[in-house]
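Report on one structure; see the data block that follows.
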Amino acid sequence: MRITRIETFMVPPRWLFCRVETDIGIVGWGEPVVEGRAEVVRAAVEVLAEYLVGRDPTRVEDHWQVLTKGGFYRGGPVLSSAVAGIDQALWDIVGKRHGVPVHRLLGGPVRDRARVYAWVGGDDPDELADQISAQVEAGFTAVKMNAAGRVRPHASVAEIGAVVARVATAREVLGDERDIAVDCHGRFTAANSRRLLDELAPLHPLFVEEPLPPEQNHILRGLVEAGPVPIATGERIYDRAGFLQVLQAGVAVVQPDLSHAGGISEVRRVASLAETFGAHLAPHCPLGPISLAASLQVVFATPNFLIQEQSLGIHYNREADLLSYVLDPEPFRFVDGHAHRTELPGLGVTVDEAAVRAADRVGHSWRNPVWRHPDGGFAEW
């Protein structure tokens, strides 16, 4: 079996899919993307394809080593994301070749279902309560919300208080049997985060995500040691070396993204590394069905798994949603807040190739917004 062609597809709302074709008719799919820079990742996939075409797709680890280390300049979000999508597609091919799901190739399942959470917005407390109630009615036992929008470097009492009030509203709706995760999105300074974490502690969040931007992870230990709130991070970390730093700082939860952090091959190693620190895996995934399918294959085979993000109904998905490009929605049918394991081969997702090709003809040019503070200075988005 040899790789004969590698194609990429820019599909709304902001995704990039990768199709790897072989000479015996088996096709693998992956999702390599950096949100807001999909065109750049597409070019990187095209460059990496020069090496792969004509080679045996089942040599997944060898290809991962060459694609990540074969160039003198290594790493970064663009290259790691390009490799991630290709890696997903190669694992998909190997699973289909042997007629088994990828989690069987990773050592077999350690669970039959994986807990997932739903995203809720709600800058207004009344709106937030309604959104959470809807997710509870849909069976979810955990939700995640943004802590705040634009935050000043030295937040006022009112700004911090508004965050706490929204989380308190969420806790009231959820009760003590369900969980709330709070995403700071790297928008807070260390000083703001210390104040916020102290105020949130009585509300017992499942975790507080990315309280600092990733370039400040060297000071993350101070936040971890400041109080009892579990800290999560990792959506903007792209390899296990980067995760070593935050694990040594004491984070409770690591959040590698299967479309950014080197794919299945690297994320399973990140999970094993986290296990040695007593930390849990909660893969980041506000993306499409292929990325989620790859995430689920990893978590079904990962002992120290906590919870899985998914994008159904998320605010980014306006032109298309999680199920827009799949023929069989069953793998993404969440029952009682869980995704259930299947024995479908490969990644377990059946891509609607006609819909993907049609969407690619439309394409997208999604960019994240650029925020500014009232004085005109740059603000973290």
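Identifiers in this document derive from the order of the structure tokens: chains are assigned A, B, ..., residues are numbered from 1 separately in each chain, and ligands are numbered from 1 in order of occurrence.
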
Distance table requested - stretch 84-118 of chain A against stretch 41-64 of chain A, cut-off 8 Å, only C-alpha atoms: one row per qualifying residue with the closest atom pair and its distance in Å to one decimal, ordered by chain and rising residue number, as CSV.
residue,atom,partner,partner_atom,distance
A:Ile86,CA,A:Val45,CA,7.7
A:Asp87,CA,A:Trp64,CA,7.0
A:Leu90,CA,A:Pro57,CA,5.9
A:Trp91,CA,A:Val60,CA,7.0
A:Ile93,CA,A:Pro57,CA,7.3
A:Val94,CA,A:Thr58,CA,5.7

I need the chosen residues saved as a PDB file, in the first residue's frame, with C-alpha atoms.
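Now in part.pdb:
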ATOM      1  CA  ILE A  86      -1.710  14.091   8.467  1.00  0.00           C
ATOM      2  CA  ASP A  87      -1.081  11.918  11.513  1.00  0.00           C
ATOM      3  CA  LEU A  90      -2.550   7.919   8.657  1.00  0.00           C
ATOM      4  CA  TRP A  91      -4.011   6.380  11.820  1.00  0.00           C
ATOM      5  CA  ILE A  93      -5.882   4.420   7.179  1.00  0.00           C
ATOM      6  CA  VAL A  94      -4.197   1.882   9.445  1.00  0.00           C
TER       7      VAL A  94
END

So that I can see what lies close to A:Ala241, please list as a PDB file with all heavy atoms, in the first residue's frame the residues with an atom at most 12 Å from it, counting only C-alpha atoms and leaving out residues fewer than 6 positions away in the same chain.
ATOM      1  N   GLY A  75       8.856  22.645  14.946  1.00  0.00           N
ATOM      2  CA  GLY A  75       7.854  23.065  15.913  1.00  0.00           C
ATOM      3  C   GLY A  75       7.027  24.253  15.479  1.00  0.00           C
ATOM      4  O   GLY A  75       7.035  24.685  14.322  1.00  0.00           O
ATOM      5  N   GLY A 234      -3.174  24.313  27.872  1.00  0.00           N
ATOM      6  CA  GLY A 234      -2.522  23.496  26.864  1.00  0.00           C
ATOM      7  C   GLY A 234      -3.018  23.608  25.440  1.00  0.00           C
ATOM      8  O   GLY A 234      -2.410  23.036  24.535  1.00  0.00           O
ATOM      9  N   LEU A 247       3.319  20.913  33.547  1.00  0.00           N
ATOM     10  CA  LEU A 247       3.140  19.822  34.498  1.00  0.00           C
ATOM     11  C   LEU A 247       4.065  19.989  35.696  1.00  0.00           C
ATOM     12  O   LEU A 247       3.675  19.733  36.839  1.00  0.00           O
ATOM     13  CB  LEU A 247       3.377  18.482  33.802  1.00  0.00           C
ATOM     14  CG  LEU A 247       2.250  18.044  32.857  1.00  0.00           C
ATOM     15  CD1 LEU A 247       2.729  16.943  31.937  1.00  0.00           C
ATOM     16  CD2 LEU A 247       1.024  17.608  33.648  1.00  0.00           C
ATOM     17  N   GLN A 248       5.272  20.429  35.452  1.00  0.00           N
ATOM     18  CA  GLN A 248       6.189  20.704  36.552  1.00  0.00           C
ATOM     19  C   GLN A 248       5.690  21.862  37.411  1.00  0.00           C
ATOM     20  O   GLN A 248       5.994  21.933  38.601  1.00  0.00           O
ATOM     21  CB  GLN A 248       7.582  21.002  36.008  1.00  0.00           C
ATOM     22  CG  GLN A 248       8.280  19.776  35.442  1.00  0.00           C
ATOM     23  CD  GLN A 248       9.583  20.113  34.759  1.00  0.00           C
ATOM     24  OE1 GLN A 248       9.766  21.210  34.206  1.00  0.00           O
ATOM     25  NE2 GLN A 248      10.518  19.171  34.761  1.00  0.00           N
ATOM     26  N   ALA A 261      -1.432  19.727  18.380  1.00  0.00           N
ATOM     27  CA  ALA A 261      -0.282  19.183  19.122  1.00  0.00           C
ATOM     28  C   ALA A 261       0.212  17.861  18.535  1.00  0.00           C
ATOM     29  O   ALA A 261       0.354  16.870  19.237  1.00  0.00           O
ATOM     30  CB  ALA A 261      -0.646  19.012  20.596  1.00  0.00           C
ATOM     31  N   GLU A 266       1.373  12.266  19.127  1.00  0.00           N
ATOM     32  CA  GLU A 266       1.973  13.074  20.186  1.00  0.00           C
ATOM     33  C   GLU A 266       1.044  13.228  21.390  1.00  0.00           C
ATOM     34  O   GLU A 266       1.511  13.218  22.536  1.00  0.00           O
ATOM     35  CB  GLU A 266       2.365  14.452  19.652  1.00  0.00           C
ATOM     36  CG  GLU A 266       3.093  15.338  20.656  1.00  0.00           C
ATOM     37  CD  GLU A 266       4.533  14.916  20.961  1.00  0.00           C
ATOM     38  OE1 GLU A 266       4.898  13.752  20.689  1.00  0.00           O
ATOM     39  OE2 GLU A 266       5.298  15.748  21.471  1.00  0.00           O
ATOM     40  N   VAL A 267      -0.249  13.343  21.159  1.00  0.00           N
ATOM     41  CA  VAL A 267      -1.158  13.553  22.284  1.00  0.00           C
ATOM     42  C   VAL A 267      -1.195  12.333  23.191  1.00  0.00           C
ATOM     43  O   VAL A 267      -1.295  12.470  24.420  1.00  0.00           O
ATOM     44  CB  VAL A 267      -2.562  13.943  21.795  1.00  0.00           C
ATOM     45  CG1 VAL A 267      -3.566  13.924  22.947  1.00  0.00           C
ATOM     46  CG2 VAL A 267      -2.531  15.332  21.170  1.00  0.00           C
ATOM     47  N   ARG A 269       1.293  10.562  23.888  1.00  0.00           N
ATOM     48  CA  ARG A 269       2.499  10.684  24.705  1.00  0.00           C
ATOM     49  C   ARG A 269       2.340  11.779  25.755  1.00  0.00           C
ATOM     50  O   ARG A 269       2.831  11.652  26.885  1.00  0.00           O
ATOM     51  CB  ARG A 269       3.711  10.947  23.804  1.00  0.00           C
ATOM     52  CG  ARG A 269       4.103   9.763  22.943  1.00  0.00           C
ATOM     53  CD  ARG A 269       5.391  10.000  22.192  1.00  0.00           C
ATOM     54  NE  ARG A 269       5.224  10.812  21.002  1.00  0.00           N
ATOM     55  CZ  ARG A 269       5.218  10.344  19.754  1.00  0.00           C
ATOM     56  NH1 ARG A 269       5.335   9.040  19.528  1.00  0.00           N
ATOM     57  NH2 ARG A 269       5.094  11.161  18.728  1.00  0.00           N
ATOM     58  N   VAL A 270       1.669  12.861  25.388  1.00  0.00           N
ATOM     59  CA  VAL A 270       1.374  13.916  26.363  1.00  0.00           C
ATOM     60  C   VAL A 270       0.530  13.355  27.503  1.00  0.00           C
ATOM     61  O   VAL A 270       0.760  13.650  28.680  1.00  0.00           O
ATOM     62  CB  VAL A 270       0.664  15.101  25.687  1.00  0.00           C
ATOM     63  CG1 VAL A 270       0.145  16.091  26.732  1.00  0.00           C
ATOM     64  CG2 VAL A 270       1.597  15.806  24.712  1.00  0.00           C
ATOM     65  N   LEU A 273       2.701  11.326  29.770  1.00  0.00           N
ATOM     66  CA  LEU A 273       3.532  12.222  30.571  1.00  0.00           C
ATOM     67  C   LEU A 273       2.713  12.827  31.700  1.00  0.00           C
ATOM     68  O   LEU A 273       3.162  12.879  32.854  1.00  0.00           O
ATOM     69  CB  LEU A 273       4.100  13.329  29.674  1.00  0.00           C
ATOM     70  CG  LEU A 273       4.921  14.418  30.365  1.00  0.00           C
ATOM     71  CD1 LEU A 273       6.194  13.840  30.982  1.00  0.00           C
ATOM     72  CD2 LEU A 273       5.264  15.534  29.371  1.00  0.00           C
ATOM     73  N   ALA A 274       1.499  13.265  31.401  1.00  0.00           N
ATOM     74  CA  ALA A 274       0.644  13.857  32.428  1.00  0.00           C
ATOM     75  C   ALA A 274       0.338  12.856  33.529  1.00  0.00           C
ATOM     76  O   ALA A 274       0.264  13.225  34.711  1.00  0.00           O
ATOM     77  CB  ALA A 274      -0.655  14.360  31.793  1.00  0.00           C
TER      78      ALA A 274
END

task: Using DSSP on the backbone coordinates, identify the residues of stretch 183-283 of chain A assigned to strand (DSSP E or B); present them as an NGL selection string.
output: :A and (183 or 207-209 or 231-233 or 253-254 or 257 or 280-281)

Quick one: write out the picked residues with C-alpha atoms as a CSV table (one decimal), in the first residue's frame?
chain,number,residue,atom,x,y,z
A,183,ASP,CA,-12.1,29.6,30.4
A,207,PHE,CA,-11.1,23.8,36.4
A,208,VAL,CA,-10.1,27.3,35.4
A,209,GLU,CA,-8.6,27.2,31.9
A,231,ILE,CA,-5.7,24.9,36.7
A,232,ALA,CA,-6.0,23.6,33.2
A,233,THR,CA,-4.0,24.7,30.1
A,253,VAL,CA,-5.4,19.2,33.7
A,254,VAL,CA,-3.7,19.3,30.3
A,257,ASP,CA,-5.6,19.8,20.8
A,280,HIS,CA,-5.6,14.5,33.7
A,281,LEU,CA,-6.3,14.8,30.0

message: Measuring between only C-alpha atoms, which one of A:Gly95, A:Gly227, A:Gly348, A:Pro256 shows the shortest distance to A:Ile26?
response: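 Of all the options, A:Gly95 lies closest to A:Ile26.
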
task: Can you work out which one of A:Leu196, A:Ile264, A:Ala249, A:Ala271 has the shortest atom-to-atom distance to A:Val229, counting only C-alpha atoms?
output: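 Counting only C-alpha atoms, the residue closest to A:Val229 is A:Leu196.
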
query: Hey, what's within 10 Å of A:Arg361 if we count only C-alpha atoms and toss same-chain stuff fewer than 5 positions away? As a list in words, please?
result: Phe9, Met10, Val11 and Val356 of chain A

Grab the residues selected above and save them as a short mmCIF file (atom, residue, chain, number, x, y, z; two decimals), in the first residue's frame with N, CA and C atoms.
data_model
loop_
_atom_site.label_atom_id
_atom_site.label_comp_id
_atom_site.auth_asym_id
_atom_site.auth_seq_id
_atom_site.Cartn_x
_atom_site.Cartn_y
_atom_site.Cartn_z
N PHE A 9 -8.97 20.68 2.13
CA PHE A 9 -10.25 21.32 1.85
C PHE A 9 -10.54 22.37 2.91
N MET A 10 -10.72 23.62 2.47
CA MET A 10 -11.09 24.72 3.37
C MET A 10 -12.61 24.75 3.45
N VAL A 11 -13.16 24.37 4.60
CA VAL A 11 -14.62 24.27 4.73
C VAL A 11 -15.11 25.17 5.86
N VAL A 356 -17.97 17.98 1.49
CA VAL A 356 -16.68 18.62 1.74
C VAL A 356 -16.16 19.31 0.48
#

task: Kindly indicate which residue among A:Ala282, A:Ser365, A:Ala190, A:Leu327 lies nearest to A:Val40, using only C-alpha atoms for the distances.
output: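 Looking only at the distances to A:Val40, the closest residue turns out to be A:Ser365.
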
Sorted per-residue table, stretch 272-332 of chain A near stretch 122-145 of chain A, closest atoms and distance, 12 Å, only C-alpha atoms, as a Markdown table:
| residue | atom | partner | partner_atom | distance |
| --- | --- | --- | --- | --- |
| A:His284 | CA | A:Lys144 | CA | 11.7 |
| A:Pro286 | CA | A:Lys144 | CA | 11.5 |
| A:Leu306 | CA | A:Ala142 | CA | 11.4 |
| A:Ile307 | CA | A:Ala142 | CA | 8.9 |
| A:Gln308 | CA | A:Ala142 | CA | 10.1 |
| A:Glu309 | CA | A:Lys144 | CA | 8.8 |
| A:Gln310 | CA | A:Val143 | CA | 10.5 |
| A:Ser311 | CA | A:Lys144 | CA | 11.2 |
| A:Leu312 | CA | A:Gln135 | CA | 11.0 |
| A:Gly313 | CA | A:Gln135 | CA | 10.5 |
| A:Ile314 | CA | A:Lys144 | CA | 10.8 |
| A:His315 | CA | A:Gly122 | CA | 11.0 |

Pull all heavy atoms from the residues just selected and write them as a compact mmCIF listing (two decimals), in the first residue's frame.
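Below is the file that was written, selection-v1.txt:
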# COMPACT_ATOMS: atom_id res chain seq x y z
N HIS A 284 -8.62 19.65 24.06
CA HIS A 284 -9.26 20.85 23.52
C HIS A 284 -9.83 20.50 22.14
O HIS A 284 -9.17 19.87 21.34
CB HIS A 284 -8.18 21.94 23.40
CG HIS A 284 -8.65 23.23 22.82
ND1 HIS A 284 -8.41 23.60 21.51
CD2 HIS A 284 -9.32 24.27 23.37
CE1 HIS A 284 -8.91 24.80 21.29
NE2 HIS A 284 -9.46 25.22 22.41
N PRO A 286 -12.69 22.73 19.91
CA PRO A 286 -13.82 23.51 19.43
C PRO A 286 -13.90 23.45 17.91
O PRO A 286 -14.30 24.41 17.26
CB PRO A 286 -13.47 24.92 19.92
CG PRO A 286 -11.97 24.95 19.78
CD PRO A 286 -11.48 23.54 20.04
N LEU A 306 -10.17 12.96 31.69
CA LEU A 306 -11.13 13.66 32.54
C LEU A 306 -12.43 13.96 31.80
O LEU A 306 -13.50 13.49 32.19
CB LEU A 306 -10.53 14.96 33.07
CG LEU A 306 -11.46 15.82 33.93
CD1 LEU A 306 -11.82 15.11 35.22
CD2 LEU A 306 -10.82 17.18 34.22
N ILE A 307 -12.35 14.74 30.72
CA ILE A 307 -13.56 15.19 30.02
C ILE A 307 -13.15 15.70 28.64
O ILE A 307 -12.01 16.14 28.45
CB ILE A 307 -14.29 16.27 30.84
CG1 ILE A 307 -15.74 16.44 30.37
CG2 ILE A 307 -13.53 17.59 30.83
CD1 ILE A 307 -16.61 17.24 31.34
N GLN A 308 -14.08 15.63 27.69
CA GLN A 308 -13.79 15.99 26.31
C GLN A 308 -14.62 17.20 25.87
O GLN A 308 -15.84 17.23 26.05
CB GLN A 308 -14.09 14.81 25.38
CG GLN A 308 -13.97 15.10 23.90
CD GLN A 308 -12.54 15.43 23.50
OE1 GLN A 308 -11.62 14.64 23.77
NE2 GLN A 308 -12.33 16.57 22.86
N GLU A 309 -13.96 18.16 25.25
CA GLU A 309 -14.67 19.29 24.65
C GLU A 309 -15.25 18.87 23.30
O GLU A 309 -14.69 18.03 22.61
CB GLU A 309 -13.70 20.46 24.45
CG GLU A 309 -14.34 21.71 23.87
CD GLU A 309 -13.40 22.90 23.84
OE1 GLU A 309 -12.16 22.70 23.86
OE2 GLU A 309 -13.89 24.03 23.78
N GLN A 310 -16.38 19.48 22.93
CA GLN A 310 -16.96 19.26 21.60
C GLN A 310 -17.68 20.53 21.17
O GLN A 310 -18.03 21.37 22.01
CB GLN A 310 -17.89 18.05 21.60
CG GLN A 310 -18.97 18.06 22.65
CD GLN A 310 -20.20 18.87 22.28
OE1 GLN A 310 -20.51 18.99 21.09
NE2 GLN A 310 -20.90 19.41 23.28
N SER A 311 -17.90 20.69 19.86
CA SER A 311 -18.31 21.99 19.34
C SER A 311 -19.76 22.07 18.89
O SER A 311 -20.14 23.06 18.24
CB SER A 311 -17.41 22.37 18.15
OG SER A 311 -17.70 21.53 17.03
N LEU A 312 -20.58 21.07 19.18
CA LEU A 312 -21.95 21.10 18.70
C LEU A 312 -22.67 22.34 19.21
O LEU A 312 -22.81 22.55 20.41
CB LEU A 312 -22.69 19.84 19.16
CG LEU A 312 -24.08 19.62 18.54
CD1 LEU A 312 -23.97 19.43 17.04
CD2 LEU A 312 -24.75 18.41 19.18
N GLY A 313 -23.09 23.21 18.29
CA GLY A 313 -23.81 24.42 18.65
C GLY A 313 -22.95 25.56 19.17
O GLY A 313 -23.49 26.58 19.60
N ILE A 314 -21.63 25.42 19.12
CA ILE A 314 -20.76 26.48 19.63
C ILE A 314 -20.92 27.74 18.77
O ILE A 314 -21.31 27.67 17.60
CB ILE A 314 -19.30 25.99 19.65
CG1 ILE A 314 -18.46 26.82 20.61
CG2 ILE A 314 -18.69 26.01 18.27
CD1 ILE A 314 -17.06 26.24 20.86
N HIS A 315 -20.61 28.89 19.34
CA HIS A 315 -20.91 30.15 18.67
C HIS A 315 -20.13 30.36 17.38
O HIS A 315 -20.52 31.16 16.53
CB HIS A 315 -20.64 31.32 19.63
CG HIS A 315 -19.24 31.40 20.12
ND1 HIS A 315 -18.69 30.45 20.96
CD2 HIS A 315 -18.26 32.32 19.91
CE1 HIS A 315 -17.44 30.79 21.24
NE2 HIS A 315 -17.16 31.91 20.62

query: Between atom CA of A:Ala148 and atom CA of A:Leu203, what is the spacing in Å?
result: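 These two atoms are separated by 16.5 Å.
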
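Of the listed residues (A:Thr22, A:Asn304, A:Asn317, A:Gln297), A:Gln297 comes nearest to A:Pro331; the distances count only C-alpha atoms.
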
task: Using backbone DSSP assignments, extract all alpha helix (DSSP H) residues from stretch 131-283 of chain A; output them as a PyMOL selection string.
output: chain A and resi 131-137+157-174+190-200+220-226+240-249+263-276

- request: Name the residues in contact with stretch 371-379 of chain A at a cut-off of 12 Å, using only C-alpha atoms, excluding same-chain residues fewer than 3 positions from it; report them as a PyMOL selection string.
  value: chain A and resi 149-155+185-189+213+368

N, CA and C atoms of the current selection, written as a compact mmCIF listing (two decimals), in the first residue's frame:
# COMPACT_ATOMS: atom_id res chain seq x y z
N GLY A 149 -14.95 38.89 28.61
CA GLY A 149 -14.46 39.39 27.34
C GLY A 149 -13.15 40.12 27.56
N ARG A 150 -13.07 41.31 27.02
CA ARG A 150 -11.86 42.12 27.18
C ARG A 150 -11.67 42.47 28.66
N VAL A 151 -10.45 42.26 29.17
CA VAL A 151 -10.15 42.51 30.57
C VAL A 151 -8.96 43.46 30.67
N ARG A 152 -9.12 44.52 31.45
CA ARG A 152 -8.01 45.47 31.64
C ARG A 152 -6.88 44.82 32.44
N PRO A 153 -5.64 45.25 32.22
CA PRO A 153 -4.51 44.66 32.95
C PRO A 153 -4.69 44.70 34.46
N HIS A 154 -5.28 45.77 34.98
CA HIS A 154 -5.60 45.85 36.40
C HIS A 154 -7.12 45.99 36.50
N ALA A 155 -7.78 44.87 36.58
CA ALA A 155 -9.24 44.85 36.53
C ALA A 155 -9.84 45.54 37.75
N HIS A 185 -9.08 32.13 28.70
CA HIS A 185 -8.64 32.39 27.33
C HIS A 185 -7.34 33.20 27.26
N GLY A 186 -6.54 33.14 28.33
CA GLY A 186 -5.29 33.89 28.34
C GLY A 186 -5.48 35.40 28.41
N ARG A 187 -6.68 35.84 28.78
CA ARG A 187 -6.98 37.28 28.77
C ARG A 187 -6.62 37.98 30.08
N PHE A 188 -6.22 37.20 31.08
CA PHE A 188 -5.99 37.77 32.41
C PHE A 188 -4.49 37.88 32.69
N THR A 189 -4.11 38.90 33.41
CA THR A 189 -2.75 38.99 33.93
C THR A 189 -2.63 38.09 35.15
N PRO A 213 -1.67 33.81 29.39
CA PRO A 213 -1.28 33.47 28.02
C PRO A 213 -0.09 32.51 28.05
N ASN A 368 -9.78 35.59 13.75
CA ASN A 368 -10.26 36.01 15.07
C ASN A 368 -10.25 37.53 15.15

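Look at A:Arg19: the protein and nucleic acid residues within 9 Å of it, using only C-alpha atoms and passing over chain neighbours fewer than 6 places away, are Arg5, Ile6, Glu7, Thr8, Phe9, Val27, Gly28, Trp29, Gly30, Glu31, Ile86 and Ala89 of chain A.
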
query: So how many Å separate atom CA of A:Thr276 and atom CA of A:Glu215, to one decimal?
result: 23.9 Å

- request: Report the distance between atom CA of A:Leu296 and atom CA of A:Gly99 in Å, rounded to one decimal place.
  value: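 Between these atoms lies a distance of 17.4 Å.
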